[in-house]
Structure formats: structure tokens, C-alpha cells
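Colleague: So here's structure_16.tsv (TSV, C-alpha atoms).
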chain	number	residue	atom	x	y	z
A	1	MET	CA	15.09	79.20	-144.94
A	2	LYS	CA	14.40	75.45	-144.50
A	3	GLN	CA	18.13	74.86	-144.17
A	4	LEU	CA	18.34	77.51	-141.40
A	5	LYS	CA	15.39	75.93	-139.52
A	6	ARG	CA	17.00	72.48	-139.77
A	7	LEU	CA	20.29	73.86	-138.49
A	8	ALA	CA	18.54	75.62	-135.57
A	9	LEU	CA	16.58	72.45	-134.70
A	10	ALA	CA	19.74	70.34	-134.89
A	11	SER	CA	21.57	72.80	-132.61
A	12	ILE	CA	18.77	72.72	-130.04
A	13	LEU	CA	18.64	68.91	-130.14
A	14	ALA	CA	22.42	68.64	-129.77
A	15	ALA	CA	22.42	71.06	-126.83
A	16	THR	CA	19.63	69.12	-125.15
A	17	VAL	CA	21.43	65.79	-125.51
A	18	ALA	CA	24.77	67.25	-124.41
A	19	ALA	CA	23.35	69.07	-121.34
A	20	PRO	CA	24.03	67.26	-118.09
A	21	ALA	CA	21.01	65.65	-116.51
A	22	MET	CA	19.68	67.67	-113.59
A	23	ALA	CA	19.44	65.59	-110.46
A	24	ALA	CA	16.19	65.80	-108.55
A	25	PRO	CA	16.26	66.51	-104.83
A	26	GLU	CA	16.46	63.32	-102.78
A	27	THR	CA	14.68	62.81	-99.47
A	28	PHE	CA	16.30	60.92	-96.60
A	29	ASP	CA	14.61	59.83	-93.37
A	30	ILE	CA	16.71	60.14	-90.22
A	31	ASP	CA	17.57	56.73	-88.78
A	32	GLY	CA	16.78	57.08	-85.08
A	33	SER	CA	18.86	54.02	-84.18
A	34	HIS	CA	22.03	55.68	-85.57
A	35	THR	CA	21.35	59.34	-84.81
A	36	PHE	CA	22.20	60.92	-81.49
A	37	ALA	CA	22.14	64.52	-80.35
A	38	ARG	CA	24.53	65.29	-77.50
A	39	PHE	CA	25.34	68.31	-75.39
A	40	ALA	CA	28.30	69.21	-73.18
A	41	TYR	CA	28.92	71.97	-70.65
A	42	SER	CA	31.29	72.91	-67.85
A	43	HIS	CA	30.17	71.78	-64.40
A	44	PHE	CA	31.56	74.34	-61.92
A	45	GLY	CA	34.84	74.16	-63.83
A	46	TYR	CA	35.48	70.70	-62.42
A	47	SER	CA	34.69	68.76	-65.55
A	48	LYS	CA	32.94	68.77	-68.88
A	49	GLN	CA	29.64	66.97	-68.47
A	50	GLU	CA	28.21	65.17	-71.51
A	51	SER	CA	24.65	63.96	-72.00
A	52	ARG	CA	22.54	62.87	-74.94
A	53	PHE	CA	19.02	62.48	-76.25
A	54	ASN	CA	17.90	58.98	-77.19
A	55	LYS	CA	15.13	59.84	-79.68
A	56	THR	CA	15.65	61.96	-82.79
A	57	THR	CA	13.50	62.06	-85.93
A	58	GLY	CA	13.44	64.13	-89.06
A	59	THR	CA	14.02	64.50	-92.76
A	60	ILE	CA	16.91	65.67	-94.90
A	61	LYS	CA	16.35	66.82	-98.48
A	62	LEU	CA	19.42	67.02	-100.62
A	63	ASP	CA	20.08	68.18	-104.17
A	64	ARG	CA	23.80	67.58	-104.55
A	65	ALA	CA	23.90	68.88	-108.14
A	66	ALA	CA	22.32	72.20	-107.15
A	67	LYS	CA	24.15	72.18	-103.78
A	68	SER	CA	20.95	72.88	-101.90
A	69	GLY	CA	18.45	71.17	-99.65
A	70	SER	CA	16.93	71.28	-96.21
A	71	VAL	CA	17.25	69.71	-92.78
A	72	ASP	CA	14.33	69.29	-90.40
A	73	VAL	CA	15.17	67.62	-87.07
A	74	SER	CA	13.03	67.00	-84.00
A	75	ILE	CA	14.60	65.83	-80.74
A	76	ASP	CA	12.40	64.32	-78.03
A	77	ALA	CA	13.50	66.41	-75.01
A	78	LYS	CA	11.98	63.81	-72.66
A	79	SER	CA	14.52	61.29	-73.98
A	80	VAL	CA	17.38	63.20	-72.35
A	81	ASP	CA	19.92	60.76	-70.91
A	82	THR	CA	22.41	62.11	-68.39
A	83	GLY	CA	23.23	58.65	-67.06
A	84	PHE	CA	21.20	59.21	-63.85
A	85	ASP	CA	17.40	58.95	-63.63
A	86	GLN	CA	17.17	61.61	-60.89
A	87	PHE	CA	19.14	64.14	-62.95
A	88	ASN	CA	17.14	63.27	-66.07
A	89	GLY	CA	14.02	64.39	-64.16
A	90	HIS	CA	15.78	67.52	-62.85
A	91	ILE	CA	16.97	68.64	-66.27
A	92	GLN	CA	13.46	68.12	-67.70
A	93	GLY	CA	12.10	70.61	-65.13
A	94	GLU	CA	11.05	74.23	-65.67
A	95	ASP	CA	14.55	75.63	-65.02
A	96	PHE	CA	16.01	73.73	-67.94
A	97	PHE	CA	14.11	71.94	-70.76
A	98	HIS	CA	10.59	72.20	-69.21
A	99	THR	CA	9.55	69.12	-71.16
A	100	GLU	CA	5.95	69.12	-69.89
A	101	LYS	CA	5.34	72.33	-71.85
A	102	TYR	CA	8.04	71.96	-74.54
A	103	PRO	CA	8.47	68.25	-75.35
A	104	ALA	CA	10.55	68.79	-78.52
A	105	ILE	CA	13.73	70.61	-79.49
A	106	THR	CA	13.77	71.41	-83.20
A	107	PHE	CA	16.24	72.53	-85.85
A	108	LYS	CA	15.01	73.75	-89.22
A	109	SER	CA	17.56	74.74	-91.82
A	110	THR	CA	17.50	77.98	-93.78
A	111	LYS	CA	20.54	77.21	-95.98
A	112	LEU	CA	22.97	74.38	-96.70
A	113	ASN	CA	26.53	75.53	-97.38
A	114	PHE	CA	28.85	73.40	-99.52
A	115	SER	CA	32.61	73.43	-99.98
A	116	GLY	CA	33.06	71.74	-103.34
A	117	ASP	CA	30.92	68.60	-103.19
A	118	LYS	CA	30.97	68.33	-99.39
A	119	LEU	CA	28.41	69.79	-97.03
A	120	ALA	CA	30.38	72.24	-94.85
A	121	SER	CA	27.72	73.83	-92.62
A	122	VAL	CA	24.01	74.28	-92.17
A	123	ASP	CA	22.38	77.58	-91.21
A	124	GLY	CA	19.07	77.25	-89.43
A	125	ASN	CA	16.79	77.99	-86.52
A	126	LEU	CA	17.10	76.10	-83.25
A	127	THR	CA	14.07	76.09	-80.95
A	128	ILE	CA	14.42	75.16	-77.27
A	129	LYS	CA	11.70	75.92	-74.68
A	130	GLY	CA	9.70	77.81	-77.29
A	131	VAL	CA	12.60	80.20	-78.00
A	132	THR	CA	14.00	80.23	-81.55
A	133	LYS	CA	17.51	81.47	-82.35
A	134	PRO	CA	19.64	81.29	-85.51
A	135	VAL	CA	22.42	78.70	-85.29
A	136	LYS	CA	25.11	77.53	-87.71
A	137	LEU	CA	25.95	73.84	-87.47
A	138	GLU	CA	29.54	73.19	-88.59
A	139	VAL	CA	29.75	69.87	-90.42
A	140	THR	CA	32.94	67.95	-89.62
A	141	SER	CA	32.17	64.90	-91.73
A	142	PHE	CA	29.71	64.15	-94.53
A	143	HIS	CA	29.42	60.96	-96.56
A	144	CYS	CA	26.82	59.37	-98.83
A	145	MET	CA	26.89	55.87	-100.33
A	146	GLU	CA	24.77	52.75	-100.73
A	147	HIS	CA	24.06	51.27	-97.31
A	148	PRO	CA	25.66	47.78	-97.35
A	149	MET	CA	22.81	46.17	-95.40
A	150	LEU	CA	19.75	48.14	-96.53
A	151	LYS	CA	20.80	48.31	-100.21
A	152	LYS	CA	19.55	51.90	-100.34
A	153	GLU	CA	21.51	55.12	-100.50
A	154	ALA	CA	22.27	56.63	-97.11
A	155	CYS	CA	24.04	59.76	-95.92
A	156	GLY	CA	25.72	60.51	-92.63
A	157	ALA	CA	27.25	63.53	-90.98
A	158	ASN	CA	28.61	64.93	-87.75
A	159	ALA	CA	27.76	68.52	-86.94
A	160	SER	CA	28.23	70.84	-83.98
A	161	ALA	CA	27.55	74.34	-82.66
A	162	VAL	CA	28.04	76.27	-79.43
A	163	VAL	CA	25.01	78.05	-77.98
A	164	LYS	CA	24.27	79.93	-74.76
A	165	ARG	CA	21.64	78.12	-72.75
A	166	SER	CA	20.58	81.42	-71.18
A	167	ASP	CA	19.49	82.56	-74.66
A	168	PHE	CA	16.85	79.82	-74.50
A	169	GLY	CA	15.57	80.53	-70.98
A	170	ALA	CA	17.60	77.68	-69.44
A	171	GLY	CA	20.41	79.63	-67.74
A	172	LYS	CA	19.90	78.60	-64.11
A	173	PHE	CA	23.18	78.38	-62.13
A	174	ALA	CA	25.18	80.21	-64.82
A	175	PRO	CA	28.02	81.06	-64.81
A	176	TYR	CA	28.93	78.34	-62.27
A	177	VAL	CA	27.39	75.75	-64.50
A	178	GLY	CA	28.63	76.81	-67.93
A	179	ASP	CA	26.36	78.96	-70.05
A	180	ASP	CA	28.14	77.85	-73.23
A	181	VAL	CA	26.82	74.48	-74.35
A	182	THR	CA	28.34	72.48	-77.19
A	183	LEU	CA	25.67	70.73	-79.22
A	184	GLU	CA	26.70	67.80	-81.39
A	185	ILE	CA	24.66	65.58	-83.63
A	186	ALA	CA	25.77	62.37	-85.27
A	187	VAL	CA	23.19	61.66	-87.95
A	188	GLU	CA	22.53	58.87	-90.41
A	189	ALA	CA	19.64	59.05	-92.86
A	190	VAL	CA	18.31	56.58	-95.43
A	191	LYS	CA	16.84	57.53	-98.80
A	192	GLN	CA	13.06	57.13	-99.03
Here is a file; write its structure as C-alpha cells.
Modeller:
Amino acid sequence: MKQLKRLALASILAATVAAPAMAAPETFDIDGSHTFARFAYSHFGYSKQESRFNKTTGTIKLDRAAKSGSVDVSIDAKSVDTGFDQFNGHIQGEDFFHTEKYPAITFKSTKLNFSGDKLASVDGNLTIKGVTKPVKLEVTSFHCMEHPMLKKEACGANASAVVKRSDFGAGKFAPYVGDDVTLEIAVEAVKQ
């Protein structure tokens, strides 16, 4: 009986030592100086207009071993930058972002989707003007490594989705001004 107990204990110990270490989730803070959310739409069919937001904050939690995590992003809607001060004010008005009442645009993930070891897409909820809709961000690039200047691990990605602005109560002038809006975010985040 003692021999059997020793064998069982040895087996458990060997299994414990041989088991791969489970990585803990890592938390990354979004670097606002290297993160930009952009949007593009058709302007009367003449051209594709592109604008951006200058202030983005948030947190990314990532467990690469478990292929899970979360993304929580907040975009300062008042930081919209169309390239023209007058249009910045217009687009912040009630017909579009209504920034006096809704100063932030948010994205909160519900699921991270991996293809092998690479993040492929992020399912989540996008809130604009107090309206929340499910959105899938397609990730076109994803890379983590030690930041050469900060000497901390950092991750970066580019992601995009197409949404209808009318779904968020911002459809004025559609369809002349395109209802389909391409959202893109270039994000870099540094490990806490």
C-alpha cells in the first residue's frame, strides 16, 4: 500500500512539474500618443472624406495562453478633427455626435477571436450618441514585443469595421452623405 501511495504521489508531482505554466492575464494601457480612431464616408459620391479623433484612452487585457481577454476603449468625441474648425463644430452638433450630451464614444469587447496565436477580430458593443450596437472589429495586424524605448512589453494592432451612422441617430443627409462609415483604429498599448 505504501508503494502504491508513493507511486501516486510521484505521478502527481511529475505531472505538476511537466504541466506548462499558465500565463496570467496581462493588462495594457492604451498609449494616447500612438492611438488614433479614424472614420471615413462618401461625401455626395465626390470623394471619400477621412477624419480622426485626437484623444483615445482605455485598457486591453490579454491572456495569450488562454486566447482570451477584453478591450475597453473610450474616444473623446469632442476631439474630432476634420481638418477644419468650423466643420469640427458642425459635426459635434445634435445632428451628428451631439458632444454636449454624449462626450464619449465607447467600445467594450464581448469576445476576442484568435487565429492561431494572432488576434483576428474583436466582438463588442459600440456606443455612439447613447445608442449601443454590436460590432465586430476585424484586426488586420497584431504584434506584441518589448518596447525599445520604454523597456516594457507593448502590443499594437490595426482594426476596422463598417457601421451605418443612421443606426446611431446620426444619419442626417443620408444617402447623399454616405450612411456607411468605415471606422478604423490604430492602437498601441503598454503593459502596466
Colleague: Considering all atoms listed in the file, state which residue in the set A:Asn54, A:Thr35, A:Thr127, A:Ser70 is at the smallest distance from Ser109 (chain A).
Modeller: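 Result for the nearest residue to Ser109 (chain A): A:Ser70.
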Colleague: Determine, counting only C-alpha atoms, which protein, DNA and RNA residues have an atom within 12 Å of an atom of Lys55 (chain A); residues of the same chain fewer than 3 positions away are not included. Present the result as a ChimeraX atom specification.
Modeller: /A:30-38,52,58,73-81,103-105,185,187
Colleague: Please compute the CA of Tyr176 (chain A)-CA of Tyr41 (chain A) distance, one decimal, in Å.
Modeller: 10.5 Å
Colleague: Residues proximal to (34.5, 68.9, -103.7) were defined as those with any atom within 12 Å of that point in the file's coordinates, counting only C-alpha atoms. Which are they, as a list in words?
Modeller: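 Collected hits near the coordinates: Arg64, Ala65, Lys67, Phe114, Ser115, Gly116, Asp117, Lys118, Leu119, Ala120, Phe142 and His143 of chain A.
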Colleague: Give me, please, the distance in Å between CA of Gly93 (chain A) and CA of Ala170 (chain A), quoted to one decimal.
Modeller: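 Here the two named atoms are 9.9 Å from each other.
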Colleague: Do you know which residues are at most 10 Å from Val177 (chain A) counting all atoms listed in the file, after dropping those on the same chain fewer than 2 positions away, and could you put them as a compact mmCIF listing (two decimals) with C-alpha atoms, in the coordinates of the input?
Modeller:
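Contents of around02.txt, as written:
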# COMPACT_ATOMS: atom_id res chain seq x y z
CA TYR A 41 28.92 71.97 -70.65
CA SER A 42 31.29 72.91 -67.85
CA HIS A 43 30.17 71.78 -64.40
CA PHE A 44 31.56 74.34 -61.92
CA GLY A 45 34.84 74.16 -63.83
CA TYR A 46 35.48 70.70 -62.42
CA LYS A 48 32.94 68.77 -68.88
CA GLN A 49 29.64 66.97 -68.47
CA GLY A 171 20.41 79.63 -67.74
CA LYS A 172 19.90 78.60 -64.11
CA PHE A 173 23.18 78.38 -62.13
CA ALA A 174 25.18 80.21 -64.82
CA PRO A 175 28.02 81.06 -64.81
CA ASP A 179 26.36 78.96 -70.05
CA ASP A 180 28.14 77.85 -73.23
CA VAL A 181 26.82 74.48 -74.35
Colleague: Step by step: start from the point (12.9, 64.5, -65.0) in the file's coordinates, keep every protein, DNA or RNA residue that has an atom no farther than 12 Å from it, count only C-alpha atoms, and write the set as a PyMOL selection string.
Modeller: chain A and resi 77-82+84-100+103
Colleague: Could you check which of A:Gly178, A:Lys61, A:Leu126, A:Cys144 is closest to Ser47 (chain A), using only C-alpha atoms?
Modeller: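 Checking each of A:Gly178, A:Lys61, A:Leu126, A:Cys144 against Ser47 (chain A), counting only C-alpha atoms, the winner is A:Gly178.
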Colleague: Figure out the distance between CA of Phe53 (chain A) and CA of Asn125 (chain A), please, to one decimal in Å.
Modeller: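 One can read the CA of Asn125 (chain A) to CA of Phe53 (chain A) distance as 18.7 Å.
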Colleague: I'd like the neighbourhood of region 134-140 of chain A as a list in words, where a residue qualifies if any of its atoms comes within 9 Å (using all atoms listed in the file), though same-chain residues fewer than 6 positions away should be ignored.
Modeller: Phe107, Leu119, Ala120, Ser121, Val122, Asp123, Gly124, Asn125, Leu126, Thr127, Ala157, Asn158, Ala159, Ser160, Ala161, Val162, Val163, Leu183 and Glu184 of chain A
Colleague: Can you work out which one of A:Gly156, A:Lys133, A:Gly83, A:Leu62 has the shortest atom-to-atom distance to Asn113 (chain A), counting all atoms listed in the file?
Modeller: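 Among A:Gly156, A:Lys133, A:Gly83, A:Leu62, it is A:Leu62 that comes nearest to Asn113 (chain A).
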Colleague: Counting all atoms listed in the file, which residue out of A:Gly69, A:Thr110, A:Ser51, A:Phe28 sits closest to Glu188 (chain A)?
Modeller: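 The closest residue to Glu188 (chain A) is A:Phe28.
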